[in-house]
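Novice: Sharing a structure here in structure tokens format.
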Amino acid sequence: MNAIKIENLNKSYDGSTNALNNISLSIPKGEIFGFLGPNGSGKTTTVRILNGILAPTAGHAEILGIPVKDNPIEIHRLCGVMTESSSCYENLTAEQNLIFFGKMHGLEEKSLKKRTNSILERLELVDVKDKKVKSFSTGMRKRVSLAVSLIHNPQILFLDEPTSGLDPENALNVTKLIKELAEESEVTIFLCTHQLKYAEDICTLYGFINNGNILGLGTFNELASKKNATLRFQVRGRNISDKFGFLHEGKDIYSKAILGDTEVNSLIQGILESGGEIYEAVQQKWSLEQLYFKYIKGIDEKLKL
């Protein structure tokens, strides 16, 4: 069963301009899905529809096989949400916030207390659990918001810029937690971020959206293959024969598209056996940033790494 399924989803706020244009996608359980696009591309609209906050103009959306439109309470039970601007009750402590929202989700007092302590410890908030949120830094508030989104043990977690405002140590801790939730508990993560390097490091699936249209959907390798974003082999050396098919980029730098390790091995052997010299060699694959702009802006097919 897919964790999230969208079919021909359309949304218009004014009846004439579409914020979403019949988009469709499926996300299996346990994936970390990066939903990437510029501001105003349709990301927030999609998330709001999936959480039952906004009704679509047309189309269908399901969470774990449950139609979103007809089951808002069940959807809220299954999903946790942390937006970039999420806020807690500032005059309550960190612990009081978790207990309050846990009760809103109907958790029993005994299990709620245990769950609260576990999350506070995991997000390194135990030492400040009795302090009011209004005294917290931006990063600490961010961690409390994440804790609130996790209090009811959701199966789908919607995150918007989860590490912005965090120091490197806490950002690493949050990233580790997200990966553990996906890998160990099969929690599905729906991540919206403009930090493409971060998305590349953490996500297992990607969706590129712009102007309400899905432009690409799949794993990194699947998306790269659709755009002929091949591996390249770059060599710094001399006397490299033209028969090996390298492009001479100048200053003893040569490069060519390759299929993988086996081809690299044969190329190196061939160059050396034919009298060529190799001082440095490296395989280069496209970054997510390059791939993203390839889809969003339609960068020329011959873009070099």
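Chain lettering (A, B, ...) mirrors the order of the structure tokens, residue numbering begins at 1 for each chain separately, and ligand numbering begins at 1 in order of display.
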Would you mind listing what lies within 12 Å of Gly275 of chain A as JSON, numbers by chain, with only C-alpha atoms counted and same-chain residues fewer than 4 positions away left out?
Specialist: {"A": [237, 238, 239, 240, 241, 268, 269, 270, 271]}
Novice: Would you save the residues of that selection, restricted to C-alpha atoms, as a PDB file, in the first residue's frame?
Specialist:
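Done, and the output landed in again_35.pdb:
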```
ATOM      1  CA  GLY A 237      46.982  14.307 -17.467  1.00  0.00           C
ATOM      2  CA  ARG A 238      48.967  14.452 -20.689  1.00  0.00           C
ATOM      3  CA  ASN A 239      49.380  12.586 -23.961  1.00  0.00           C
ATOM      4  CA  ILE A 240      45.842  11.175 -23.805  1.00  0.00           C
ATOM      5  CA  SER A 241      44.946   9.765 -27.192  1.00  0.00           C
ATOM      6  CA  ILE A 268      42.789   4.127 -17.078  1.00  0.00           C
ATOM      7  CA  GLN A 269      44.539   0.946 -18.200  1.00  0.00           C
ATOM      8  CA  GLY A 270      44.237   1.933 -21.840  1.00  0.00           C
ATOM      9  CA  ILE A 271      45.594   5.446 -21.325  1.00  0.00           C
TER      10      ILE A 271
END
```
Novice: Would you tabulate, counting only C-alpha atoms, all residues of segment 37-77 of chain A that have an atom at most 12 Å from an atom of segment 279-301 of chain A, showing the closest pair of atoms and their distance in Å to one decimal, sorted by chain then ascending number, as a tab-separated table?
Specialist:
```
residue	atom	partner	partner_atom	distance
A:Gly37	CA	A:Ile296	CA	7.6
A:Pro38	CA	A:Ile296	CA	8.6
A:Ser41	CA	A:Ile296	CA	10.3
```
Novice: Suppose we keep C-alpha atoms; can you now write the selection as a short mmCIF file (atom, residue, chain, number, x, y, z; two decimals), in the first residue's frame?
Specialist:
```cif
data_model
loop_
_atom_site.label_atom_id
_atom_site.label_comp_id
_atom_site.auth_asym_id
_atom_site.auth_seq_id
_atom_site.Cartn_x
_atom_site.Cartn_y
_atom_site.Cartn_z
CA GLY A 37 10.08 23.68 -6.30
CA PRO A 38 10.30 27.46 -6.20
CA SER A 41 4.96 26.36 -7.29
#
```
Novice: From the set A:Cys88, A:Leu205, A:Val81, A:Leu50, which residue has the shortest atom-to-atom contact distance to Lys29 of chain A, counting only C-alpha atoms?
Specialist: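 With only C-alpha atoms as the atom set, the closest residue is A:Leu205.
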Novice: Using backbone DSSP assignments, extract all strand (DSSP E or B) residues from segment 93-227 of chain A; output them as a ChimeraX atom specification.
Specialist: /A:93,132,156-160,188-192,205-210,213-218
Novice: Kindly export the residues of the current selection with C-alpha atoms, as an mmCIF file, in the first residue's frame.
Specialist:
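To be explicit, this is the file written out as out_20.cif:
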```cif
data_model
loop_
_atom_site.group_PDB
_atom_site.id
_atom_site.type_symbol
_atom_site.label_atom_id
_atom_site.label_comp_id
_atom_site.auth_asym_id
_atom_site.auth_seq_id
_atom_site.Cartn_x
_atom_site.Cartn_y
_atom_site.Cartn_z
ATOM 1 C CA THR A 93 6.540 25.033 28.896
ATOM 2 C CA LYS A 132 8.309 28.524 28.894
ATOM 3 C CA ILE A 156 3.045 10.302 7.829
ATOM 4 C CA LEU A 157 5.174 13.303 8.728
ATOM 5 C CA PHE A 158 4.999 16.551 6.758
ATOM 6 C CA LEU A 159 8.061 18.726 7.337
ATOM 7 C CA ASP A 160 8.819 22.191 5.993
ATOM 8 C CA THR A 188 6.774 8.286 5.533
ATOM 9 C CA ILE A 189 8.394 11.724 5.389
ATOM 10 C CA PHE A 190 7.017 14.395 3.053
ATOM 11 C CA LEU A 191 9.746 17.038 3.050
ATOM 12 C CA CYS A 192 9.548 20.533 1.579
ATOM 13 C CA LEU A 205 12.511 9.963 -3.607
ATOM 14 C CA TYR A 206 12.030 13.344 -5.242
ATOM 15 C CA GLY A 207 9.254 15.289 -6.883
ATOM 16 C CA PHE A 208 9.916 18.485 -8.842
ATOM 17 C CA ILE A 209 6.994 20.890 -9.119
ATOM 18 C CA ASN A 210 6.646 24.262 -10.831
ATOM 19 C CA ASN A 213 2.798 20.910 -12.616
ATOM 20 C CA ILE A 214 4.812 17.845 -11.626
ATOM 21 C CA LEU A 215 7.904 17.971 -13.839
ATOM 22 C CA GLY A 216 9.717 14.933 -12.500
ATOM 23 C CA LEU A 217 9.105 12.127 -10.019
ATOM 24 C CA GLY A 218 11.328 9.263 -8.879
#
```
Novice: May I have all residues of segment 150-251 of chain A that DSSP, computed from the backbone, assigns to alpha helix (DSSP H), given as a PyMOL selection string?
Specialist: chain A and resi 150+168-185+196-202+220-226
Novice: I'd like the interatomic distance between atom CA of Arg122 of chain A and atom CA of Ala199 of chain A, to a tenth of an Å.
Specialist: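 Taking atom CA of Arg122 of chain A and atom CA of Ala199 of chain A, their separation equals 22.1 Å.
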Novice: Given only C-alpha atoms as the basis, pick out the residue of A:Lys142, A:Lys11, A:Lys134, A:Lys5 nearest to Leu25 of chain A.
Specialist: A:Lys5
Novice: Looking at A:Lys43, A:His60, A:Arg143, A:Lys226, which one is nearest to Asn8 of chain A, with distances taken over only C-alpha atoms?
Specialist: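 Comparing A:Lys43, A:His60, A:Arg143, A:Lys226 against Asn8 of chain A, the winner is A:His60.
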Novice: Quick one: contact table of segment 51-118 of chain A to segment 18-23 of chain A, 12 Å max, nearest atom pair and distance in Å to one decimal per residue, counting only C-alpha atoms, chain and number order, as CSV?
Specialist:
```
residue,atom,partner,partner_atom,distance
A:Pro56,CA,A:Leu20,CA,9.0
A:Thr57,CA,A:Leu20,CA,9.2
A:Ala58,CA,A:Asn22,CA,7.9
A:Gly59,CA,A:Asn22,CA,7.1
A:His60,CA,A:Asn22,CA,9.8
A:Ala61,CA,A:Ile23,CA,10.3
```
Novice: Could you turn the residues from that selection into a file that holds N, CA, C and O atoms, as a tab-separated table (two decimals), in the first residue's frame?
Specialist:
```tsv
chain	number	residue	atom	x	y	z
A	56	PRO	N	-9.74	20.13	-2.58
A	56	PRO	CA	-9.32	20.28	-3.98
A	56	PRO	C	-10.49	20.72	-4.85
A	56	PRO	O	-11.66	20.49	-4.51
A	57	THR	N	-10.19	21.33	-5.97
A	57	THR	CA	-11.23	21.67	-6.95
A	57	THR	C	-11.68	20.41	-7.68
A	57	THR	O	-12.85	20.23	-7.99
A	58	ALA	N	-10.72	19.53	-7.94
A	58	ALA	CA	-11.02	18.25	-8.57
A	58	ALA	C	-9.89	17.28	-8.25
A	58	ALA	O	-8.82	17.68	-7.79
A	59	GLY	N	-10.16	15.99	-8.46
A	59	GLY	CA	-9.15	14.98	-8.22
A	59	GLY	C	-9.34	14.26	-6.90
A	59	GLY	O	-10.30	14.51	-6.16
A	60	HIS	N	-8.39	13.38	-6.60
A	60	HIS	CA	-8.52	12.49	-5.45
A	60	HIS	C	-7.19	12.37	-4.72
A	60	HIS	O	-6.13	12.30	-5.34
A	61	ALA	N	-7.25	12.34	-3.38
A	61	ALA	CA	-6.04	12.16	-2.56
A	61	ALA	C	-6.32	11.16	-1.46
A	61	ALA	O	-7.39	11.19	-0.84
```
Novice: I'd like the contact shell of Thr230 of chain A - 8 Å cut-off, only C-alpha atoms, skipping same-chain residues fewer than 3 positions apart - returned as a compact mmCIF listing (two decimals) with N, CA, C and O atoms, in the first residue's frame.
Specialist:
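Listed below is the output, selection09.txt:
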```
# COMPACT_ATOMS: atom_id res chain seq x y z
N ALA A 224 17.66 11.31 -13.14
CA ALA A 224 18.85 11.62 -13.93
C ALA A 224 18.83 10.93 -15.29
O ALA A 224 19.17 11.52 -16.31
N SER A 225 18.38 9.67 -15.31
CA SER A 225 18.36 8.92 -16.57
C SER A 225 17.39 9.52 -17.57
O SER A 225 17.63 9.51 -18.77
N ALA A 257 31.64 11.19 -20.92
CA ALA A 257 30.53 10.49 -20.29
C ALA A 257 30.88 9.01 -20.17
O ALA A 257 31.48 8.43 -21.08
N ILE A 258 30.52 8.42 -19.04
CA ILE A 258 30.82 7.00 -18.79
C ILE A 258 29.60 6.29 -18.22
O ILE A 258 28.64 6.93 -17.77
N LEU A 259 29.71 4.96 -18.17
CA LEU A 259 28.62 4.15 -17.63
C LEU A 259 28.86 3.74 -16.18
O LEU A 259 27.91 3.48 -15.45
N LYS A 285 29.27 12.78 -10.70
CA LYS A 285 27.85 12.62 -11.03
C LYS A 285 27.15 13.94 -10.79
O LYS A 285 27.65 14.82 -10.07
N TRP A 286 26.02 14.08 -11.39
CA TRP A 286 25.27 15.32 -11.23
C TRP A 286 24.86 15.49 -9.77
O TRP A 286 24.58 14.53 -9.07
```
Novice: A:Val133, A:Leu54, A:Ile32, A:Leu181: which is nearest Glu90 of chain A, counting only C-alpha atoms?
Specialist: A:Val133
